[in-house]
>>> print(open('model_18.txt').read())   # compact mmCIF, C-alpha atoms
# COMPACT_ATOMS: atom_id res chain seq x y z
CA MET A 1 21.63 23.94 -4.31
CA ASP A 2 21.43 26.97 -2.05
CA GLU A 3 20.10 26.39 1.48
CA SER A 4 17.58 29.19 1.05
CA VAL A 5 15.26 26.76 -0.79
CA VAL A 6 13.97 25.59 2.61
CA MET A 7 13.29 29.10 3.96
CA ALA A 8 9.64 29.28 2.93
CA GLU A 9 7.66 32.22 4.23
CA GLY A 10 4.35 31.83 6.01
CA PRO A 11 2.55 32.48 9.32
CA TRP A 12 5.47 30.88 11.15
CA SER A 13 8.87 32.15 12.31
CA HIS A 14 12.30 30.68 11.52
CA ARG A 15 14.99 30.41 14.18
CA PHE A 16 18.13 28.47 15.00
CA VAL A 17 18.42 26.62 18.29
CA GLY A 18 21.47 24.91 19.80
CA ALA A 19 20.91 21.48 21.31
CA ASN A 20 23.04 18.39 21.93
CA GLY A 21 26.12 20.08 20.48
CA SER A 22 24.55 21.06 17.14
CA ARG A 23 22.49 23.89 15.66
CA PHE A 24 18.99 23.10 14.44
CA HIS A 25 16.62 24.96 12.18
CA VAL A 26 13.27 25.31 13.94
CA VAL A 27 10.04 26.68 12.47
CA GLU A 28 7.46 27.76 15.05
CA VAL A 29 3.87 28.96 15.11
CA GLY A 30 1.31 29.39 17.88
CA THR A 31 1.43 29.41 21.66
CA GLY A 32 0.58 26.81 24.27
CA PRO A 33 1.87 23.32 25.09
CA LEU A 34 4.72 22.31 22.80
CA VAL A 35 4.14 19.86 19.94
CA LEU A 36 7.40 18.95 18.20
CA PHE A 37 7.13 17.66 14.62
CA LEU A 38 9.79 15.36 13.12
CA HIS A 39 9.91 14.77 9.36
CA GLY A 40 11.07 11.60 7.62
CA PHE A 41 13.23 10.72 4.63
CA PRO A 42 13.58 12.41 2.13
CA GLU A 43 11.68 15.36 3.60
CA PHE A 44 12.47 18.47 5.63
CA TRP A 45 10.44 20.69 7.97
CA TRP A 46 8.03 21.65 5.15
CA ALA A 47 6.45 18.21 5.56
CA TRP A 48 4.41 19.72 8.41
CA HIS A 49 3.65 23.23 7.09
CA ASP A 50 -0.06 22.49 6.71
CA VAL A 51 -0.64 20.31 9.78
CA MET A 52 1.42 22.44 12.18
CA THR A 53 -0.51 25.64 11.43
CA ARG A 54 -3.81 23.89 12.11
CA VAL A 55 -2.48 22.39 15.34
CA ALA A 56 -1.35 25.89 16.37
CA ASP A 57 -4.86 27.19 15.66
CA ALA A 58 -6.15 24.56 18.09
CA GLY A 59 -4.16 26.18 20.92
CA TYR A 60 -0.68 24.66 20.77
CA ARG A 61 2.87 25.78 20.15
CA ALA A 62 3.82 23.85 17.01
CA ALA A 63 7.49 23.51 16.14
CA ALA A 64 8.79 21.64 13.09
CA ILE A 65 12.52 21.02 12.80
CA ASP A 66 15.04 20.01 10.20
CA LEU A 67 16.58 16.85 11.60
CA ARG A 68 20.34 16.61 12.00
CA GLY A 69 21.84 16.61 8.51
CA TYR A 70 18.74 17.96 6.73
CA GLY A 71 17.72 21.39 5.48
CA LEU A 72 19.32 24.25 7.39
CA SER A 73 20.35 22.21 10.43
CA ASP A 74 23.99 21.36 11.06
CA LYS A 75 25.50 18.54 9.01
CA PRO A 76 28.32 17.06 11.10
CA PRO A 77 30.07 13.96 9.75
CA ARG A 78 28.98 11.88 12.75
CA GLY A 79 26.08 11.59 15.14
CA TYR A 80 23.52 9.71 13.05
CA ASP A 81 23.09 6.84 15.50
CA GLY A 82 19.82 6.24 17.27
CA TYR A 83 21.11 7.48 20.62
CA THR A 84 22.34 10.85 19.35
CA MET A 85 19.33 11.60 17.18
CA ALA A 86 16.97 10.78 20.06
CA ALA A 87 19.02 13.10 22.28
CA ASP A 88 18.75 15.81 19.59
CA VAL A 89 14.98 15.75 19.96
CA THR A 90 14.83 15.82 23.74
CA GLY A 91 17.63 18.40 23.84
CA LEU A 92 15.53 20.63 21.61
CA ILE A 93 12.60 20.33 23.99
CA ARG A 94 14.81 21.72 26.77
CA ALA A 95 16.38 24.33 24.49
CA LEU A 96 12.91 25.58 23.53
CA GLY A 97 12.24 26.22 27.20
CA GLU A 98 9.89 23.33 27.91
CA ARG A 99 10.03 20.49 30.44
CA SER A 100 8.18 18.08 28.16
CA ALA A 101 6.41 17.95 24.81
CA THR A 102 4.29 15.85 22.51
CA ILE A 103 6.35 14.34 19.71
CA VAL A 104 4.78 13.80 16.30
CA GLY A 105 7.04 11.87 13.92
CA ALA A 106 6.56 10.54 10.39
CA GLY A 107 8.63 7.86 8.69
CA ALA A 108 12.23 8.07 9.91
CA GLY A 109 11.08 10.85 12.24
CA GLY A 110 8.61 8.40 13.75
CA MET A 111 11.42 5.93 14.40
CA ILE A 112 13.35 8.68 16.17
CA GLY A 113 10.20 9.51 18.12
CA TRP A 114 9.96 5.91 19.36
CA ALA A 115 13.60 6.06 20.51
CA ALA A 116 13.30 9.49 22.15
CA ALA A 117 10.25 8.32 24.11
CA ALA A 118 12.04 5.14 25.22
CA PHE A 119 15.33 6.78 26.21
CA HIS A 120 13.97 10.01 27.74
CA PRO A 121 10.42 9.24 28.95
CA LYS A 122 10.22 12.22 31.32
CA LEU A 123 10.54 14.65 28.41
CA VAL A 124 7.85 13.08 26.22
CA ASN A 125 4.29 13.33 27.51
CA ARG A 126 2.57 11.97 24.38
CA LEU A 127 3.66 10.32 21.14
CA VAL A 128 2.07 10.29 17.69
CA VAL A 129 3.70 8.10 15.03
CA LEU A 130 2.83 8.17 11.32
CA GLY A 131 4.04 5.59 8.82
CA ALA A 132 6.66 4.09 11.12
CA ALA A 133 6.94 0.81 12.97
CA HIS A 134 8.59 0.46 16.35
CA PRO A 135 12.31 -0.13 15.59
CA LEU A 136 12.20 -3.64 17.06
CA ARG A 137 9.12 -4.52 15.00
CA LEU A 138 10.90 -3.37 11.84
CA ARG A 139 14.05 -5.27 12.80
CA ALA A 140 12.08 -8.48 13.34
CA ALA A 141 10.09 -8.07 10.12
CA LEU A 142 13.25 -7.72 8.01
CA PHE A 143 14.23 -11.22 9.09
CA ALA A 144 10.83 -12.87 9.46
CA ASP A 145 9.10 -11.45 6.37
CA PRO A 146 11.55 -11.78 3.45
CA ARG A 147 8.88 -11.48 0.75
CA GLY A 148 7.20 -8.60 2.53
CA GLN A 149 9.13 -6.04 4.56
CA PHE A 150 12.59 -7.17 3.43
CA ALA A 151 11.56 -6.86 -0.22
CA ALA A 152 9.92 -3.49 0.49
CA SER A 153 13.20 -2.30 2.04
CA ALA A 154 15.36 -3.37 -0.91
CA THR A 155 15.86 0.22 -2.05
CA ILE A 156 16.82 1.31 1.46
CA LEU A 157 19.35 -1.52 1.63
CA LYS A 158 21.09 0.03 -1.37
CA PHE A 159 21.87 3.02 0.84
CA GLN A 160 24.67 0.93 2.35
CA VAL A 161 26.65 1.21 -0.90
CA PRO A 162 29.51 3.73 -0.50
CA ARG A 163 28.94 7.09 -2.21
CA TYR A 164 25.35 6.16 -3.02
CA GLU A 165 24.43 9.73 -2.05
CA HIS A 166 25.70 10.80 -5.48
CA VAL A 167 23.17 8.47 -7.09
CA LEU A 168 20.40 10.10 -5.04
CA THR A 169 21.22 13.60 -6.25
CA ARG A 170 21.97 12.75 -9.88
CA ASP A 171 19.74 14.33 -12.55
CA ASP A 172 18.14 16.86 -10.22
CA ALA A 173 17.60 14.15 -7.57
CA ALA A 174 15.39 12.13 -9.91
CA LEU A 175 15.69 9.01 -7.74
CA ILE A 176 14.21 10.90 -4.78
CA GLY A 177 11.15 11.67 -6.90
CA GLU A 178 10.86 8.03 -7.97
CA LEU A 179 11.05 6.79 -4.38
CA MET A 180 8.42 9.24 -3.22
CA GLU A 181 6.09 8.24 -6.03
CA HIS A 182 6.58 4.55 -5.25
CA TRP A 183 5.87 5.04 -1.55
CA SER A 184 2.80 7.26 -2.08
CA SER A 185 -0.73 6.22 -2.95
CA PRO A 186 -1.34 6.21 -6.73
CA ALA A 187 -4.16 8.75 -6.37
CA TRP A 188 -2.03 11.32 -4.55
CA ALA A 189 1.01 10.72 -6.77
CA ALA A 190 -1.04 11.92 -9.74
CA THR A 191 -1.91 15.30 -8.19
CA PRO A 192 -0.24 18.71 -8.61
CA GLU A 193 0.27 18.76 -4.84
CA PHE A 194 2.50 15.71 -5.06
CA ALA A 195 4.49 17.23 -7.92
CA ASP A 196 5.12 20.39 -5.89
CA TYR A 197 6.06 18.48 -2.73
CA SER A 198 8.37 16.12 -4.60
CA TYR A 199 10.08 19.10 -6.23
CA ARG A 200 10.68 20.76 -2.85
CA CYS A 201 12.11 17.57 -1.34
CA ARG A 202 14.39 17.00 -4.34
CA GLN A 203 15.71 20.54 -3.98
CA ALA A 204 16.33 20.15 -0.25
CA MET A 205 18.18 16.87 -0.74
CA GLN A 206 20.60 18.63 -3.10
CA ILE A 207 21.82 20.99 -0.38
CA PRO A 208 25.53 20.18 0.09
CA GLN A 209 26.08 17.17 2.39
CA ALA A 210 22.35 16.63 2.99
CA SER A 211 22.16 13.39 1.00
CA PHE A 212 25.26 11.96 2.71
CA CYS A 213 23.90 12.80 6.16
CA ALA A 214 20.48 11.35 5.35
CA LEU A 215 22.02 8.02 4.35
CA GLU A 216 24.34 7.87 7.36
CA ALA A 217 21.39 7.17 9.67
CA TYR A 218 20.44 4.11 7.59
CA ARG A 219 24.06 3.02 7.43
CA TRP A 220 24.33 3.16 11.20
CA VAL A 221 21.41 0.76 11.51
CA ALA A 222 23.23 -1.79 9.35
CA ARG A 223 26.66 -1.25 10.91
CA SER A 224 25.38 -1.55 14.46
CA ALA A 225 23.43 -4.78 13.88
CA LEU A 226 26.35 -6.99 14.93
CA ARG A 227 28.04 -4.57 17.31
CA LEU A 228 27.72 -3.96 21.03
CA GLN A 229 26.26 -0.52 20.34
CA GLY A 230 23.42 -2.09 18.40
CA TYR A 231 22.84 -4.73 21.08
CA ARG A 232 22.53 -2.00 23.72
CA PHE A 233 20.11 -0.10 21.51
CA VAL A 234 17.88 -3.17 21.20
CA LYS A 235 17.93 -3.78 24.95
CA LEU A 236 17.00 -0.17 25.70
CA MET A 237 14.22 -0.19 23.12
CA GLN A 238 12.65 -3.18 24.86
CA GLN A 239 11.57 -0.88 27.68
CA PRO A 240 7.79 -0.37 27.34
CA LEU A 241 6.59 3.18 26.80
CA GLY A 242 4.53 4.77 29.55
CA MET A 243 3.06 7.70 27.61
CA PRO A 244 -0.18 7.69 25.54
CA THR A 245 0.69 6.71 21.98
CA LEU A 246 -1.29 7.12 18.76
CA GLN A 247 -0.15 5.27 15.63
CA LEU A 248 -1.50 6.17 12.18
CA HIS A 249 -0.61 4.19 9.07
CA GLY A 250 -1.60 4.23 5.43
CA SER A 251 -3.09 1.03 4.06
CA LEU A 252 -1.10 1.47 0.82
CA ASP A 253 2.23 2.25 2.48
CA THR A 254 4.90 0.36 0.49
CA ALA A 255 7.87 1.63 2.53
CA ILE A 256 6.78 0.31 5.94
CA LEU A 257 4.11 -2.31 5.41
CA PRO A 258 1.01 -2.06 7.62
CA ARG A 259 1.53 -5.59 8.91
CA THR A 260 5.03 -4.60 10.02
CA ALA A 261 3.84 -1.55 11.96
CA GLN A 262 0.72 -3.06 13.46
CA GLY A 263 2.45 -5.01 16.22
CA SER A 264 4.14 -1.93 17.68
CA GLY A 265 1.54 -1.59 20.42
CA ARG A 266 3.17 -4.44 22.34
CA TYR A 267 5.85 -1.95 23.40
CA VAL A 268 3.35 0.51 24.95
CA THR A 269 1.81 0.02 28.39
CA ALA A 270 -0.06 3.37 28.42
CA PRO A 271 -3.22 4.08 26.41
CA TYR A 272 -2.53 3.15 22.79
CA GLU A 273 -4.50 3.47 19.57
CA TRP A 274 -3.82 2.08 16.11
CA ARG A 275 -5.61 3.45 13.08
CA LEU A 276 -5.21 2.31 9.49
CA LEU A 277 -6.08 4.99 6.92
CA PRO A 278 -7.64 3.36 3.81
CA GLY A 279 -6.22 4.48 0.47
CA ALA A 280 -3.26 6.38 1.95
CA GLY A 281 0.42 5.74 1.31
CA HIS A 282 3.57 6.51 3.27
CA PHE A 283 3.23 10.31 3.41
CA ILE A 284 -0.14 10.43 5.15
CA HIS A 285 0.56 13.86 6.70
CA GLN A 286 0.64 15.20 3.12
CA GLU A 287 -1.95 12.91 1.58
CA GLU A 288 -4.61 13.29 4.30
CA PRO A 289 -3.77 16.52 6.19
CA ASP A 290 -7.34 17.13 7.39
CA LEU A 291 -7.72 13.65 8.84
CA VAL A 292 -4.21 13.59 10.33
CA THR A 293 -4.68 17.01 11.94
CA GLY A 294 -7.99 15.96 13.42
CA GLU A 295 -6.47 12.81 14.88
CA ILE A 296 -3.50 14.68 16.35
CA VAL A 297 -5.68 17.35 17.98
CA ARG A 298 -8.07 14.69 19.30
CA TRP A 299 -5.18 12.79 20.83
CA LEU A 300 -3.72 15.95 22.37
CA LYS A 301 -7.03 16.76 24.03
CA THR A 302 -7.83 13.21 25.18
CA PRO A 303 -7.29 12.87 28.96
CA ALA A 304 -4.28 10.70 29.76
>>> encode(input="model_18.txt", output="structure tokens")
Amino acid sequence: MDESVVMAEGPWSHRFVGANGSRFHVVEVGTGPLVLFLHGFPEFWWAWHDVMTRVADAGYRAAAIDLRGYGLSDKPPRGYDGYTMAADVTGLIRALGERSATIVGAGAGGMIGWAAAAFHPKLVNRLVVLGAAHPLRLRAALFADPRGQFAASATILKFQVPRYEHVLTRDDAALIGELMEHWSSPAWAATPEFADYSYRCRQAMQIPQASFCALEAYRWVARSALRLQGYRFVKLMQQPLGMPTLQLHGSLDTAILPRTAQGSGRYVTAPYEWRLLPGAGHFIHQEEPDLVTGEIVRWLKTPA
């Protein structure tokens, strides 16, 4: 699959920015305070094409990136640990000429957002997390909720199998489409919008090395569980966050269960809000773009 499949035209501009030793594909629109959007698995920057333009219209500089290993960003063989990917995000804030930014992350991007805020608090002034639990909440739920979160993560656990990336991309990345349908709300999965979005994500995941890089982040989580690197990560993530944090979650999310994500507020000492969106699945930024945009803009304009 040619990389040009992710170069969609629109009211935004495409550019490449160097940060943390790698080159990242950044899509920007608008002017004002920086809002940095992080997509999840198995997405790419297009996940935010609707929301980011509306946030820009509200008076902000919206920038959506392809995470390390995705889309048009660099795909090095290493660097998919929590420390490096958090440093990617904060390095991009500096590289884009800003001292701090609001981070908006969905799914795996939300997990990276939690880590970036914990490790580099001076560079993150606000945090918005969609469909993602705090990493320590997810870690605890995998052990404490075997019939719930552990069962929901069974597919993700298969990512530990060597060369499983070839299974992901087989038959025009059919498994990617199946996962997205399973994680979405039944109502949205039956729409033409879902079919188009699933098709775009399946194409992007077939870019050479993208599937391998995407799985490496999940493999690091498993490999580090019993290593000193993982122990240090847990200790650092125990630091409470001091920036205002908004957490949105779909009530029908079958990837990260609502009961898993709901306890994440214990790791935030600043103003914190939790909102459960009835009838929405894992991809709430696609399923409910009007509501999500409104919540993001409200949170950006709420006094700290």
>>> atom_distance(input="model_18.txt", atom1="CA of Thr102 (chain A)", atom2="CA of Val35 (chain A)")
4.8 Å
>>> closest_residue(input="model_18.txt", among="A:Glu165, A:Glu295, A:Asp253, A:Glu9", to="His182 (chain A)", atoms="only C-alpha atoms")
A:Asp253
>>> closest_residue(input="model_18.txt", among="A:Phe143, A:Tyr83, A:Phe24, A:Tyr60", to="Trp45 (chain A)", atoms="all atoms listed in the file")
A:Phe24
>>> atom_distance(input="model_18.txt", atom1="CA of Ala62 (chain A)", atom2="CA of Arg298 (chain A)")
15.2 Å
>>> residues_around(input="model_18.txt", residues="region 257-264 of chain A", least_positions_apart="5", cutoff="10 Å", atoms="all atoms listed in the file", output="MDAnalysis selection string")
chainID A and resid 114 130:142 145 148:150 152:153 247:252 272 274:276 281:282
>>> closest_residue(input="model_18.txt", among="A:Ala195, A:Ala187, A:Ala151, A:Leu123", to="Met243 (chain A)", atoms="all atoms listed in the file")
A:Leu123
>>> closest_residue(input="model_18.txt", among="A:Arg232, A:Arg15, A:Arg94, A:Arg163", to="Leu215 (chain A)", atoms="all atoms listed in the file")
A:Arg163
>>> closest_residue(input="model_18.txt", among="A:Val268, A:Met111, A:Ile176, A:Ala214", to="Arg200 (chain A)", atoms="only C-alpha atoms")
A:Ile176
>>> closest_residue(input="model_18.txt", among="A:Ser224, A:Gln229, A:Thr191, A:Ser211", to="Met1 (chain A)", atoms="all atoms listed in the file")
A:Ser211
>>> residues_near_point(input="model_18.txt", point="(20.2, 14.7, -7.2)", cutoff="10 Å", atoms="only C-alpha atoms", output="PDB file with C-alpha atoms, in the coordinates of the input")
ATOM      1  CA  MET A   1      21.630  23.940  -4.310  1.00  0.00           C
ATOM      2  CA  GLU A 165      24.430   9.730  -2.050  1.00  0.00           C
ATOM      3  CA  HIS A 166      25.700  10.800  -5.480  1.00  0.00           C
ATOM      4  CA  VAL A 167      23.170   8.470  -7.090  1.00  0.00           C
ATOM      5  CA  LEU A 168      20.400  10.100  -5.040  1.00  0.00           C
ATOM      6  CA  THR A 169      21.220  13.600  -6.250  1.00  0.00           C
ATOM      7  CA  ARG A 170      21.970  12.750  -9.880  1.00  0.00           C
ATOM      8  CA  ASP A 171      19.740  14.330 -12.550  1.00  0.00           C
ATOM      9  CA  ASP A 172      18.140  16.860 -10.220  1.00  0.00           C
ATOM     10  CA  ALA A 173      17.600  14.150  -7.570  1.00  0.00           C
ATOM     11  CA  ALA A 174      15.390  12.130  -9.910  1.00  0.00           C
ATOM     12  CA  LEU A 175      15.690   9.010  -7.740  1.00  0.00           C
ATOM     13  CA  ILE A 176      14.210  10.900  -4.780  1.00  0.00           C
ATOM     14  CA  GLY A 177      11.150  11.670  -6.900  1.00  0.00           C
ATOM     15  CA  ARG A 202      14.390  17.000  -4.340  1.00  0.00           C
ATOM     16  CA  GLN A 203      15.710  20.540  -3.980  1.00  0.00           C
ATOM     17  CA  ALA A 204      16.330  20.150  -0.250  1.00  0.00           C
ATOM     18  CA  MET A 205      18.180  16.870  -0.740  1.00  0.00           C
ATOM     19  CA  GLN A 206      20.600  18.630  -3.100  1.00  0.00           C
ATOM     20  CA  ILE A 207      21.820  20.990  -0.380  1.00  0.00           C
ATOM     21  CA  SER A 211      22.160  13.390   1.000  1.00  0.00           C
TER      22      SER A 211
END
>>> residues_near_point(input="model_18.txt", point="(6.0, 1.1, 24.2)", cutoff="6 Å", atoms="only C-alpha atoms", output="list in words")
Pro240, Leu241, Tyr267 and Val268 of chain A
>>> axis_aligned_box(input="model_18.txt", around="region 115-133 of chain A", padding_each_side="3 Å", output="AutoDock Vina command-line options")
--center_x 8.7 --center_y 7.7 --center_z 20.1 --size_x 19.3 --size_y 19.8 --size_z 28.5
>>> atom_distance(input="model_18.txt", atom1="CA of Ser185 (chain A)", atom2="CA of Gly279 (chain A)")
6.7 Å
>>> residues_around(input="model_18.txt", residues="Asp74 (chain A)", least_positions_apart="4", cutoff="9 Å", atoms="all atoms listed in the file", output="PyMOL selection string")
chain A and resi 22-25+67-70
>>> write_last_selection(input="model_18.txt", atoms="C-alpha atoms", output="short mmCIF file (atom, residue, chain, number, x, y, z; two decimals), keeping the file's coordinate frame")
data_model
loop_
_atom_site.label_atom_id
_atom_site.label_comp_id
_atom_site.auth_asym_id
_atom_site.auth_seq_id
_atom_site.Cartn_x
_atom_site.Cartn_y
_atom_site.Cartn_z
CA SER A 22 24.55 21.06 17.14
CA ARG A 23 22.49 23.89 15.66
CA PHE A 24 18.99 23.10 14.44
CA HIS A 25 16.62 24.96 12.18
CA LEU A 67 16.58 16.85 11.60
CA ARG A 68 20.34 16.61 12.00
CA GLY A 69 21.84 16.61 8.51
CA TYR A 70 18.74 17.96 6.73
#
>>> residues_around(input="model_18.txt", residues="Ile112 (chain A)", least_positions_apart="6", cutoff="12 Å", atoms="all atoms listed in the file", output="VMD selection string")
chain A and resid 37 to 41 67 to 68 80 to 90 103 to 106 118 to 120 127 to 130 132 to 135 217 237
>>> write_last_selection(input="model_18.txt", atoms="C-alpha atoms", output="PDB file, in the frame of the given file")
ATOM      1  CA  PHE A  37       7.130  17.660  14.620  1.00  0.00           C
ATOM      2  CA  LEU A  38       9.790  15.360  13.120  1.00  0.00           C
ATOM      3  CA  HIS A  39       9.910  14.770   9.360  1.00  0.00           C
ATOM      4  CA  GLY A  40      11.070  11.600   7.620  1.00  0.00           C
ATOM      5  CA  PHE A  41      13.230  10.720   4.630  1.00  0.00           C
ATOM      6  CA  LEU A  67      16.580  16.850  11.600  1.00  0.00           C
ATOM      7  CA  ARG A  68      20.340  16.610  12.000  1.00  0.00           C
ATOM      8  CA  TYR A  80      23.520   9.710  13.050  1.00  0.00           C
ATOM      9  CA  ASP A  81      23.090   6.840  15.500  1.00  0.00           C
ATOM     10  CA  GLY A  82      19.820   6.240  17.270  1.00  0.00           C
ATOM     11  CA  TYR A  83      21.110   7.480  20.620  1.00  0.00           C
ATOM     12  CA  THR A  84      22.340  10.850  19.350  1.00  0.00           C
ATOM     13  CA  MET A  85      19.330  11.600  17.180  1.00  0.00           C
ATOM     14  CA  ALA A  86      16.970  10.780  20.060  1.00  0.00           C
ATOM     15  CA  ALA A  87      19.020  13.100  22.280  1.00  0.00           C
ATOM     16  CA  ASP A  88      18.750  15.810  19.590  1.00  0.00           C
ATOM     17  CA  VAL A  89      14.980  15.750  19.960  1.00  0.00           C
ATOM     18  CA  THR A  90      14.830  15.820  23.740  1.00  0.00           C
ATOM     19  CA  ILE A 103       6.350  14.340  19.710  1.00  0.00           C
ATOM     20  CA  VAL A 104       4.780  13.800  16.300  1.00  0.00           C
ATOM     21  CA  GLY A 105       7.040  11.870  13.920  1.00  0.00           C
ATOM     22  CA  ALA A 106       6.560  10.540  10.390  1.00  0.00           C
ATOM     23  CA  ALA A 118      12.040   5.140  25.220  1.00  0.00           C
ATOM     24  CA  PHE A 119      15.330   6.780  26.210  1.00  0.00           C
ATOM     25  CA  HIS A 120      13.970  10.010  27.740  1.00  0.00           C
ATOM     26  CA  LEU A 127       3.660  10.320  21.140  1.00  0.00           C
ATOM     27  CA  VAL A 128       2.070  10.290  17.690  1.00  0.00           C
ATOM     28  CA  VAL A 129       3.700   8.100  15.030  1.00  0.00           C
ATOM     29  CA  LEU A 130       2.830   8.170  11.320  1.00  0.00           C
ATOM     30  CA  ALA A 132       6.660   4.090  11.120  1.00  0.00           C
ATOM     31  CA  ALA A 133       6.940   0.810  12.970  1.00  0.00           C
ATOM     32  CA  HIS A 134       8.590   0.460  16.350  1.00  0.00           C
ATOM     33  CA  PRO A 135      12.310  -0.130  15.590  1.00  0.00           C
ATOM     34  CA  ALA A 217      21.390   7.170   9.670  1.00  0.00           C
ATOM     35  CA  MET A 237      14.220  -0.190  23.120  1.00  0.00           C
TER      36      MET A 237
END
>>> residues_around(input="model_18.txt", residues="Asn125 (chain A)", least_positions_apart="3", cutoff="9 Å", atoms="only C-alpha atoms", output="list of chain:residue names")
A:Ser100, A:Ala101, A:Thr102, A:Ile103, A:Ala117, A:Pro121, A:Lys122, A:Gly242, A:Met243, A:Pro244
>>> build_atoms(input="model_18.txt", residues="region 128-142 of chain A", atoms="N, CA, C and O atoms", output="short mmCIF file (atom, residue, chain, number, x, y, z; two decimals), in the coordinates of the input")
data_model
loop_
_atom_site.label_atom_id
_atom_site.label_comp_id
_atom_site.auth_asym_id
_atom_site.auth_seq_id
_atom_site.Cartn_x
_atom_site.Cartn_y
_atom_site.Cartn_z
N VAL A 128 2.88 10.59 18.87
CA VAL A 128 2.07 10.29 17.69
C VAL A 128 3.04 9.85 16.59
O VAL A 128 3.98 10.57 16.26
N VAL A 129 2.81 8.67 16.03
CA VAL A 129 3.70 8.10 15.03
C VAL A 129 2.91 7.85 13.75
O VAL A 129 1.84 7.26 13.77
N LEU A 130 3.47 8.34 12.63
CA LEU A 130 2.83 8.17 11.32
C LEU A 130 3.77 7.40 10.40
O LEU A 130 4.92 7.79 10.21
N GLY A 131 3.28 6.32 9.82
CA GLY A 131 4.04 5.59 8.82
C GLY A 131 5.36 5.04 9.32
O GLY A 131 6.33 5.00 8.56
N ALA A 132 5.41 4.62 10.57
CA ALA A 132 6.66 4.09 11.12
C ALA A 132 6.35 2.99 12.12
O ALA A 132 5.50 3.16 13.00
N ALA A 133 7.05 1.89 12.00
CA ALA A 133 6.94 0.81 12.97
C ALA A 133 7.89 1.07 14.13
O ALA A 133 8.86 1.82 14.01
N HIS A 134 7.61 0.46 15.26
CA HIS A 134 8.59 0.46 16.35
C HIS A 134 9.88 -0.16 15.83
O HIS A 134 9.83 -1.15 15.08
N PRO A 135 11.05 0.39 16.14
CA PRO A 135 12.31 -0.13 15.59
C PRO A 135 12.50 -1.64 15.76
O PRO A 135 13.04 -2.29 14.86
N LEU A 136 12.04 -2.19 16.87
CA LEU A 136 12.20 -3.64 17.06
C LEU A 136 11.23 -4.42 16.19
O LEU A 136 11.54 -5.55 15.77
N ARG A 137 10.05 -3.87 15.92
CA ARG A 137 9.12 -4.52 15.00
C ARG A 137 9.71 -4.54 13.59
O ARG A 137 9.63 -5.54 12.89
N LEU A 138 10.29 -3.42 13.17
CA LEU A 138 10.90 -3.37 11.84
C LEU A 138 12.07 -4.33 11.75
O LEU A 138 12.22 -5.05 10.75
N ARG A 139 12.88 -4.37 12.78
CA ARG A 139 14.05 -5.27 12.80
C ARG A 139 13.61 -6.73 12.67
O ARG A 139 14.19 -7.50 11.90
N ALA A 140 12.56 -7.10 13.40
CA ALA A 140 12.08 -8.48 13.34
C ALA A 140 11.48 -8.79 11.98
O ALA A 140 11.68 -9.88 11.44
N ALA A 141 10.74 -7.83 11.40
CA ALA A 141 10.09 -8.07 10.12
C ALA A 141 11.09 -8.25 8.99
O ALA A 141 10.84 -8.99 8.03
N LEU A 142 12.23 -7.57 9.06
CA LEU A 142 13.25 -7.72 8.01
C LEU A 142 13.76 -9.15 7.93
O LEU A 142 14.13 -9.63 6.86
#
